>>> print(open('start30.cif').read())   # mmCIF, C-alpha atoms, pLDDT in the B column; chains and numbers go by the auth columns
data_data
#
loop_
_atom_site.group_PDB
_atom_site.id
_atom_site.type_symbol
_atom_site.label_atom_id
_atom_site.label_comp_id
_atom_site.label_asym_id
_atom_site.label_seq_id
_atom_site.Cartn_x
_atom_site.Cartn_y
_atom_site.Cartn_z
_atom_site.B_iso_or_equiv
_atom_site.auth_seq_id
_atom_site.auth_asym_id
ATOM 1 C CA MET A 1 42.311 63.343 -26.402 43.00 1 S
ATOM 2 C CA ILE A 2 39.291 63.393 -24.104 38.00 2 S
ATOM 3 C CA ILE A 3 38.417 59.851 -25.134 45.00 3 S
ATOM 4 C CA LEU A 4 41.953 58.625 -24.520 46.00 4 S
ATOM 5 C CA SER A 5 42.248 60.314 -21.119 45.00 5 S
ATOM 6 C CA LEU A 6 38.979 58.791 -19.971 43.00 6 S
ATOM 7 C CA ILE A 7 40.025 55.345 -21.121 47.00 7 S
ATOM 8 C CA ASN A 8 43.422 55.701 -19.445 47.00 8 S
ATOM 9 C CA THR A 9 41.733 56.268 -16.079 43.00 9 S
ATOM 10 C CA MET A 10 39.961 52.932 -16.513 49.00 10 S
ATOM 11 C CA ARG A 11 43.022 50.800 -17.099 49.00 11 S
ATOM 12 C CA ILE A 12 43.867 49.908 -13.495 44.00 12 S
ATOM 13 C CA SER A 13 40.281 48.911 -12.705 48.00 13 S
ATOM 14 C CA PHE A 14 40.030 46.833 -15.858 50.00 14 S
ATOM 15 C CA ALA A 15 43.313 45.036 -15.142 47.00 15 S
ATOM 16 C CA ILE A 16 42.272 44.220 -11.565 44.00 16 S
ATOM 17 C CA LEU A 17 38.936 42.852 -12.738 47.00 17 S
ATOM 18 C CA ALA A 18 40.703 40.803 -15.398 49.00 18 S
ATOM 19 C CA ALA A 19 42.892 39.183 -12.756 47.00 19 S
ATOM 20 C CA ILE A 20 39.828 38.325 -10.686 47.00 20 S
ATOM 21 C CA PHE A 21 38.161 36.704 -13.696 48.00 21 S
ATOM 22 C CA PHE A 22 41.288 34.676 -14.473 47.00 22 S
ATOM 23 C CA VAL A 23 41.506 33.306 -10.933 44.00 23 S
ATOM 24 C CA SER A 24 37.816 32.455 -10.797 47.00 24 S
ATOM 25 C CA CYS A 25 37.918 30.686 -14.190 48.00 25 S
ATOM 26 C CA SER A 26 41.041 28.663 -13.470 48.00 26 S
ATOM 27 C CA ARG A 27 39.931 27.556 -9.996 54.00 27 S
ATOM 28 C CA SER A 28 37.614 24.781 -11.235 68.00 28 S
ATOM 29 C CA TYR A 29 36.074 23.794 -14.538 78.00 29 S
ATOM 30 C CA TYR A 30 34.237 20.986 -16.285 89.00 30 S
ATOM 31 C CA GLN A 31 36.413 18.665 -18.380 92.00 31 S
ATOM 32 C CA ILE A 32 34.837 17.823 -21.730 94.00 32 S
ATOM 33 C CA GLN A 33 35.002 14.133 -22.648 90.00 33 S
ATOM 34 C CA THR A 34 33.506 14.343 -26.145 92.00 34 S
ATOM 35 C CA GLU A 35 35.683 15.076 -29.168 94.00 35 S
ATOM 36 C CA PHE A 36 34.797 18.233 -31.064 95.00 36 S
ATOM 37 C CA SER A 37 33.916 16.272 -34.207 94.00 37 S
ATOM 38 C CA GLN A 38 31.341 14.282 -32.219 93.00 38 S
ATOM 39 C CA SER A 39 29.829 17.263 -30.440 92.00 39 S
ATOM 40 C CA ILE A 40 26.698 19.151 -31.436 95.00 40 S
ATOM 41 C CA LYS A 41 27.276 22.735 -32.569 96.00 41 S
ATOM 42 C CA PRO A 42 24.886 25.441 -31.356 98.00 42 S
ATOM 43 C CA PRO A 43 22.979 27.435 -33.983 97.00 43 S
ATOM 44 C CA ALA A 44 24.768 30.500 -35.313 98.00 44 S
ATOM 45 C CA PRO A 45 23.691 33.866 -33.875 98.00 45 S
ATOM 46 C CA ASP A 46 21.767 36.423 -35.891 98.00 46 S
ATOM 47 C CA TYR A 47 23.215 39.842 -35.153 98.00 47 S
ATOM 48 C CA SER A 48 20.197 41.632 -36.556 98.00 48 S
ATOM 49 C CA ASN A 49 18.517 40.309 -33.398 98.00 49 S
ATOM 50 C CA PRO A 50 19.298 42.586 -30.406 98.00 50 S
ATOM 51 C CA ASN A 51 18.974 39.553 -28.114 98.00 51 S
ATOM 52 C CA HIS A 52 22.182 38.197 -29.594 98.00 52 S
ATOM 53 C CA TRP A 53 24.102 41.223 -28.342 98.00 53 S
ATOM 54 C CA ALA A 54 25.223 41.407 -24.723 98.00 54 S
ATOM 55 C CA SER A 55 25.357 45.179 -25.067 98.00 55 S
ATOM 56 C CA LEU A 56 24.008 47.734 -27.506 98.00 56 S
ATOM 57 C CA PRO A 57 23.663 51.488 -26.919 97.00 57 S
ATOM 58 C CA THR A 58 20.004 51.216 -27.897 96.00 58 S
ATOM 59 C CA LYS A 59 18.970 48.620 -25.309 96.00 59 S
ATOM 60 C CA LYS A 60 19.071 48.377 -21.536 97.00 60 S
ATOM 61 C CA ASP A 61 21.862 46.099 -20.349 98.00 61 S
ATOM 62 C CA ALA A 62 24.490 45.816 -17.626 98.00 62 S
ATOM 63 C CA ALA A 63 26.992 47.915 -19.592 98.00 63 S
ATOM 64 C CA ASP A 64 24.836 50.975 -18.844 98.00 64 S
ATOM 65 C CA SER A 65 25.670 50.712 -15.130 96.00 65 S
ATOM 66 C CA VAL A 66 27.776 53.162 -13.132 95.00 66 S
ATOM 67 C CA PRO A 67 29.111 52.820 -9.559 91.00 67 S
ATOM 68 C CA ARG A 68 26.775 53.908 -6.801 90.00 68 S
ATOM 69 C CA LYS A 69 27.543 57.150 -4.988 88.00 69 S
ATOM 70 C CA SER A 70 29.759 58.366 -7.804 89.00 70 S
ATOM 71 C CA ASN A 71 29.518 61.293 -10.192 91.00 71 S
ATOM 72 C CA LEU A 72 29.989 58.999 -13.191 92.00 72 S
ATOM 73 C CA LYS A 73 27.267 58.901 -15.830 95.00 73 S
ATOM 74 C CA ASP A 74 26.324 56.718 -18.740 96.00 74 S
ATOM 75 C CA GLU A 75 27.251 59.020 -21.643 96.00 75 S
ATOM 76 C CA GLN A 76 26.719 56.614 -24.528 97.00 76 S
ATOM 77 C CA SER A 77 24.060 58.782 -26.138 96.00 77 S
ATOM 78 C CA SER A 78 26.593 61.574 -26.717 96.00 78 S
ATOM 79 C CA ALA A 79 29.803 59.528 -27.037 97.00 79 S
ATOM 80 C CA LYS A 80 32.089 60.388 -29.943 96.00 80 S
ATOM 81 C CA ALA A 81 33.543 56.881 -30.305 98.00 81 S
ATOM 82 C CA ASP A 82 32.468 53.232 -30.172 98.00 82 S
ATOM 83 C CA VAL A 83 33.964 50.323 -28.275 98.00 83 S
ATOM 84 C CA PHE A 84 33.659 46.809 -29.651 98.00 84 S
ATOM 85 C CA PHE A 85 34.072 44.666 -26.538 98.00 85 S
ATOM 86 C CA ILE A 86 34.751 40.912 -26.739 98.00 86 S
ATOM 87 C CA HIS A 87 34.029 39.285 -23.410 98.00 87 S
ATOM 88 C CA PRO A 88 36.121 36.580 -21.700 97.00 88 S
ATOM 89 C CA THR A 89 35.230 32.942 -21.088 97.00 89 S
ATOM 90 C CA ILE A 90 32.176 32.562 -18.862 97.00 90 S
ATOM 91 C CA PHE A 91 31.412 29.032 -20.069 97.00 91 S
ATOM 92 C CA THR A 92 33.484 27.029 -17.559 96.00 92 S
ATOM 93 C CA TYR A 93 30.963 24.638 -16.026 94.00 93 S
ATOM 94 C CA LYS A 94 29.154 21.451 -17.048 94.00 94 S
ATOM 95 C CA PRO A 95 26.713 22.381 -19.805 93.00 95 S
ATOM 96 C CA ALA A 96 23.020 22.171 -18.990 90.00 96 S
ATOM 97 C CA ASN A 97 22.263 21.314 -22.632 93.00 97 S
ATOM 98 C CA GLN A 98 23.739 19.198 -25.421 95.00 98 S
ATOM 99 C CA PHE A 99 26.332 21.783 -26.438 96.00 99 S
ATOM 100 C CA GLN A 100 29.756 20.903 -25.030 95.00 100 S
ATOM 101 C CA TRP A 101 32.613 22.685 -26.808 97.00 101 S
ATOM 102 C CA ASN A 102 30.819 25.916 -27.679 98.00 102 S
ATOM 103 C CA ALA A 103 28.069 27.787 -25.870 98.00 103 S
ATOM 104 C CA ASP A 104 24.640 28.592 -27.237 98.00 104 S
ATOM 105 C CA VAL A 105 23.931 32.344 -27.531 98.00 105 S
ATOM 106 C CA ASN A 106 20.322 31.531 -26.647 98.00 106 S
ATOM 107 C CA ASP A 107 21.331 30.019 -23.289 98.00 107 S
ATOM 108 C CA GLU A 108 19.507 32.372 -20.910 97.00 108 S
ATOM 109 C CA GLU A 109 21.367 31.200 -17.810 97.00 109 S
ATOM 110 C CA LEU A 110 24.770 31.732 -19.410 98.00 110 S
ATOM 111 C CA ASN A 111 23.683 35.123 -20.734 98.00 111 S
ATOM 112 C CA LYS A 112 22.659 36.155 -17.216 98.00 112 S
ATOM 113 C CA LYS A 113 26.094 35.120 -15.940 97.00 113 S
ATOM 114 C CA THR A 114 27.726 37.123 -18.729 98.00 114 S
ATOM 115 C CA GLN A 115 25.648 40.204 -17.937 98.00 115 S
ATOM 116 C CA SER A 116 26.263 40.068 -14.172 97.00 116 S
ATOM 117 C CA SER A 117 30.013 39.519 -14.514 96.00 117 S
ATOM 118 C CA THR A 118 32.009 40.796 -17.469 97.00 118 S
ATOM 119 C CA ILE A 119 29.423 43.149 -18.992 97.00 119 S
ATOM 120 C CA LEU A 120 28.643 44.748 -15.626 97.00 120 S
ATOM 121 C CA ASN A 121 32.204 44.915 -14.320 95.00 121 S
ATOM 122 C CA GLN A 122 34.300 45.312 -17.473 95.00 122 S
ATOM 123 C CA ALA A 123 32.320 46.584 -20.467 97.00 123 S
ATOM 124 C CA SER A 124 30.558 49.230 -18.364 96.00 124 S
ATOM 125 C CA ILE A 125 33.780 51.140 -17.692 94.00 125 S
ATOM 126 C CA PHE A 126 33.634 52.468 -21.250 96.00 126 S
ATOM 127 C CA ASN A 127 30.142 53.972 -21.032 96.00 127 S
ATOM 128 C CA GLY A 128 31.439 57.409 -20.076 95.00 128 S
ATOM 129 C CA SER A 129 33.341 57.784 -23.358 95.00 129 S
ATOM 130 C CA CYS A 130 32.102 55.211 -25.874 97.00 130 S
ATOM 131 C CA ARG A 131 29.002 53.575 -27.238 98.00 131 S
ATOM 132 C CA ILE A 132 29.301 49.921 -26.233 98.00 132 S
ATOM 133 C CA TYR A 133 28.835 47.041 -28.660 98.00 133 S
ATOM 134 C CA ALA A 134 29.435 43.595 -27.160 98.00 134 S
ATOM 135 C CA PRO A 135 28.208 40.470 -28.947 98.00 135 S
ATOM 136 C CA TYR A 136 27.196 37.204 -27.409 98.00 136 S
ATOM 137 C CA TYR A 137 29.067 34.537 -29.334 99.00 137 S
ATOM 138 C CA ARG A 138 29.445 30.786 -29.312 98.00 138 S
ATOM 139 C CA GLN A 139 32.342 31.061 -26.920 98.00 139 S
ATOM 140 C CA ALA A 140 34.616 28.058 -26.572 98.00 140 S
ATOM 141 C CA HIS A 141 34.380 26.234 -23.259 97.00 141 S
ATOM 142 C CA TYR A 142 37.247 26.969 -20.842 96.00 142 S
ATOM 143 C CA HIS A 143 38.393 23.368 -21.382 96.00 143 S
ATOM 144 C CA ALA A 144 39.694 24.460 -24.789 96.00 144 S
ATOM 145 C CA PHE A 145 42.445 26.430 -23.035 95.00 145 S
ATOM 146 C CA VAL A 146 43.735 23.572 -20.890 94.00 146 S
ATOM 147 C CA THR A 147 43.161 20.409 -22.906 94.00 147 S
ATOM 148 C CA THR A 148 46.104 18.622 -24.493 93.00 148 S
ATOM 149 C CA ASN A 149 43.964 18.039 -27.589 94.00 149 S
ATOM 150 C CA ARG A 150 44.944 21.199 -29.428 95.00 150 S
ATOM 151 C CA ASP A 151 43.097 20.271 -32.624 97.00 151 S
ATOM 152 C CA ASP A 152 39.767 20.197 -30.791 96.00 152 S
ATOM 153 C CA ALA A 153 40.661 23.396 -28.962 97.00 153 S
ATOM 154 C CA MET A 154 41.429 25.240 -32.196 98.00 154 S
ATOM 155 C CA ARG A 155 38.208 24.041 -33.822 98.00 155 S
ATOM 156 C CA ALA A 156 36.195 25.353 -30.874 98.00 156 S
ATOM 157 C CA LEU A 157 38.024 28.687 -30.919 98.00 157 S
ATOM 158 C CA ASN A 158 37.649 28.992 -34.682 98.00 158 S
ATOM 159 C CA LEU A 159 33.903 28.520 -34.374 98.00 159 S
ATOM 160 C CA ALA A 160 33.786 31.230 -31.710 98.00 160 S
ATOM 161 C CA TYR A 161 35.803 33.593 -33.902 98.00 161 S
ATOM 162 C CA GLN A 162 33.383 33.101 -36.796 98.00 162 S
ATOM 163 C CA ASP A 163 30.723 34.709 -34.595 98.00 163 S
ATOM 164 C CA VAL A 164 32.949 37.564 -33.420 98.00 164 S
ATOM 165 C CA LYS A 165 33.865 38.311 -37.025 98.00 165 S
ATOM 166 C CA ALA A 166 30.205 38.182 -38.110 98.00 166 S
ATOM 167 C CA ALA A 167 29.225 40.513 -35.257 99.00 167 S
ATOM 168 C CA PHE A 168 31.962 42.979 -36.172 99.00 168 S
ATOM 169 C CA GLN A 169 30.948 42.947 -39.827 98.00 169 S
ATOM 170 C CA TYR A 170 27.340 43.608 -38.835 98.00 170 S
ATOM 171 C CA TYR A 171 28.508 46.416 -36.558 98.00 171 S
ATOM 172 C CA LEU A 172 30.489 48.028 -39.397 98.00 172 S
ATOM 173 C CA GLN A 173 27.595 47.766 -41.847 98.00 173 S
ATOM 174 C CA HIS A 174 24.793 48.916 -39.560 98.00 174 S
ATOM 175 C CA TYR A 175 26.175 50.880 -36.597 98.00 175 S
ATOM 176 C CA ASN A 176 29.616 52.382 -37.096 98.00 176 S
ATOM 177 C CA GLN A 177 28.990 55.025 -39.784 96.00 177 S
ATOM 178 C CA GLY A 178 32.671 55.982 -39.882 97.00 178 S
ATOM 179 C CA ARG A 179 33.018 56.632 -36.134 98.00 179 S
ATOM 180 C CA PRO A 180 36.280 56.100 -34.188 98.00 180 S
ATOM 181 C CA ILE A 181 36.627 52.557 -32.846 98.00 181 S
ATOM 182 C CA VAL A 182 38.128 51.106 -29.668 98.00 182 S
ATOM 183 C CA ILE A 183 38.715 47.336 -29.580 98.00 183 S
ATOM 184 C CA ALA A 184 38.680 45.980 -26.020 98.00 184 S
ATOM 185 C CA SER A 185 38.835 42.399 -24.827 97.00 185 S
ATOM 186 C CA HIS A 186 39.879 40.006 -22.105 96.00 186 S
ATOM 187 C CA SER A 187 40.979 36.364 -21.978 96.00 187 S
ATOM 188 C CA GLN A 188 39.261 34.367 -24.757 97.00 188 S
ATOM 189 C CA GLY A 189 38.021 37.675 -26.095 98.00 189 S
ATOM 190 C CA THR A 190 41.627 38.724 -26.644 97.00 190 S
ATOM 191 C CA VAL A 191 42.351 35.583 -28.681 97.00 191 S
ATOM 192 C CA HIS A 192 39.576 36.664 -31.028 98.00 192 S
ATOM 193 C CA ALA A 193 40.430 40.371 -30.890 98.00 193 S
ATOM 194 C CA GLU A 194 43.978 39.695 -32.091 98.00 194 S
ATOM 195 C CA ARG A 195 42.619 37.894 -35.140 98.00 195 S
ATOM 196 C CA LEU A 196 40.089 40.660 -35.713 98.00 196 S
ATOM 197 C CA LEU A 197 42.792 43.324 -35.694 98.00 197 S
ATOM 198 C CA LYS A 198 44.923 41.419 -38.196 98.00 198 S
ATOM 199 C CA GLU A 199 42.008 40.758 -40.529 98.00 199 S
ATOM 200 C CA PHE A 200 40.280 44.142 -40.452 98.00 200 S
ATOM 201 C CA PHE A 201 42.890 46.724 -39.410 98.00 201 S
ATOM 202 C CA ASP A 202 46.471 45.684 -40.212 97.00 202 S
ATOM 203 C CA GLY A 203 47.368 47.450 -43.442 96.00 203 S
ATOM 204 C CA LYS A 204 43.696 48.202 -44.080 96.00 204 S
ATOM 205 C CA GLU A 205 41.853 51.486 -44.571 96.00 205 S
ATOM 206 C CA LEU A 206 39.853 50.879 -41.385 97.00 206 S
ATOM 207 C CA ARG A 207 43.045 51.355 -39.373 97.00 207 S
ATOM 208 C CA SER A 208 42.535 55.127 -39.552 97.00 208 S
ATOM 209 C CA ASN A 209 39.361 54.697 -37.456 97.00 209 S
ATOM 210 C CA LEU A 210 41.134 52.798 -34.676 98.00 210 S
ATOM 211 C CA VAL A 211 41.564 54.897 -31.517 96.00 211 S
ATOM 212 C CA MET A 212 43.251 52.126 -29.554 95.00 212 S
ATOM 213 C CA ALA A 213 43.215 48.377 -29.003 96.00 213 S
ATOM 214 C CA TYR A 214 43.086 47.359 -25.362 93.00 214 S
ATOM 215 C CA LEU A 215 43.686 43.605 -25.279 95.00 215 S
ATOM 216 C CA ILE A 216 44.501 41.985 -21.949 90.00 216 S
ATOM 217 C CA GLY A 217 44.545 38.560 -20.347 80.00 217 S
#
>>> encode(input="start30.cif", output="structure tokens")
Amino acid sequence: MIILSLINTMRISFAILAAIFFVSCSRSYYQIQTEFSQSIKPPAPDYSNPNHWASLPTKKDAADSVPRKSNLKDEQSSAKADVFFIHPTIFTYKPANQFQWNADVNDEELNKKTQSSTILNQASIFNGSCRIYAPYYRQAHYHAFVTTNRDDAMRALNLAYQDVKAAFQYYLQHYNQGRPIVIASHSQGTVHAERLLKEFFDGKELRSNLVMAYLIG
């Protein structure tokens, strides 16, 4: 009940931030000209490498932040539950490398943008009640959500989901240890979170570990 009450107090803030992200993403974006089949795919992440996680309880990252001049604290070290957070689309601009449809998890500039936006302003709201696990993944470019070429869009999103699924499997095998789980997501993250819930929780034994699924955008 304590976990749920803490998360409930975060809902308004999270929804407001989600709206801000949606407006900023939809305002302008780079239009991909290359077909997915002709594009170069980034290398797959290795989730045994902490650098391929945007947030882990064991490393310093933006999800550890709390508002200034508040009595809020980062309580991840004593949290009774975990949150698996799937971030929204940050890859909206013209790529600085050869990867068009899906982002490279080793792209330092993109990772900085992810840290200073969604991890800082969205994932961090759970640090008072949950340990935060948020993977970098080969997110589909924002163009995938607006293009009329739905086949290319689905291929890009499927590639991104492969990473989210791999990250979640690694989390279950190495970090969870039977703890309660919160699934939280926004925008593109919610597209992947819906698939994750169906594959791992619907009618499955793991459902008993699910505290709540907070999917917005």
>>> closest_residue(input="start30.cif", among="S:Val182, S:Ile32, S:Ile90, S:Val164", to="Arg195 (chain S)", atoms="only C-alpha atoms")
S:Val164
>>> closest_atom_pairs(input="start30.cif", of="region 47-75 of chain S", to="region 134-145 of chain S", cutoff="6 Å", atoms="only C-alpha atoms", output="tab-separated table")
residue	atom	partner	partner_atom	distance
S:His52	CA	S:Tyr136	CA	5.6
S:Trp53	CA	S:Pro135	CA	4.2
S:Ala54	CA	S:Pro135	CA	5.3
S:Ser55	CA	S:Ala134	CA	4.8
>>> residues_around(input="start30.cif", residues="Tyr175 (chain S)", least_positions_apart="5", cutoff="12 Å", atoms="all atoms listed in the file", output="JSON, numbers by chain")
{"S": [47, 48, 56, 57, 58, 81, 82, 83, 84, 131, 132, 133, 167, 168, 169, 170, 180, 181]}
>>> closest_residue(input="start30.cif", among="S:Ala153, S:Ile216, S:Ile86, S:Val105", to="Pro50 (chain S)", atoms="all atoms listed in the file")
S:Val105
>>> closest_residue(input="start30.cif", among="S:Ile40, S:Leu215, S:Leu210, S:Leu172", to="Gln100 (chain S)", atoms="all atoms listed in the file")
S:Ile40
>>> residues_around(input="start30.cif", residues="Asp74 (chain S)", least_positions_apart="5", cutoff="10 Å", atoms="only C-alpha atoms", output="list in words")
Ala63, Asp64, Ser65, Val66, Ala79, Ser124, Ile125, Phe126, Asn127, Gly128, Ser129, Cys130 and Arg131 of chain S
>>> residues_around(input="start30.cif", residues="Phe36 (chain S)", least_positions_apart="5", cutoff="9 Å", atoms="all atoms listed in the file", output="count of residues only")
8
>>> closest_residue(input="start30.cif", among="S:Asn51, S:Gln31, S:Gln173, S:Gln38", to="Asp107 (chain S)", atoms="only C-alpha atoms")
S:Asn51
>>> resolve_selection(input="start30.cif", expression="the PyMOL selection byres ((chain S and resi 217) around 7)", output="list in words")
Ala18, His186, Ser187, Thr190 and Ile216 of chain S
>>> axis_aligned_box(input="start30.cif", around="region 71-88 of chain S", padding_each_side="8 Å", output="AutoDock Vina command-line options")
--center_x 30.1 --center_y 49.1 --center_z -20.2 --size_x 28.1 --size_y 41.0 --size_z 36.1
>>> atom_distance(input="start30.cif", atom1="CA of Pro67 (chain S)", atom2="CA of Ser116 (chain S)")
13.9 Å
>>> closest_residue(input="start30.cif", among="S:Gly203, S:Ala44, S:Ala184, S:Gln115", to="Asp61 (chain S)", atoms="all atoms listed in the file")
S:Gln115
>>> atom_distance(input="start30.cif", atom1="CA of Ala213 (chain S)", atom2="CA of Lys59 (chain S)")
24.5 Å
>>> atom_distance(input="start30.cif", atom1="CA of Asn49 (chain S)", atom2="CA of Asp163 (chain S)")
13.5 Å
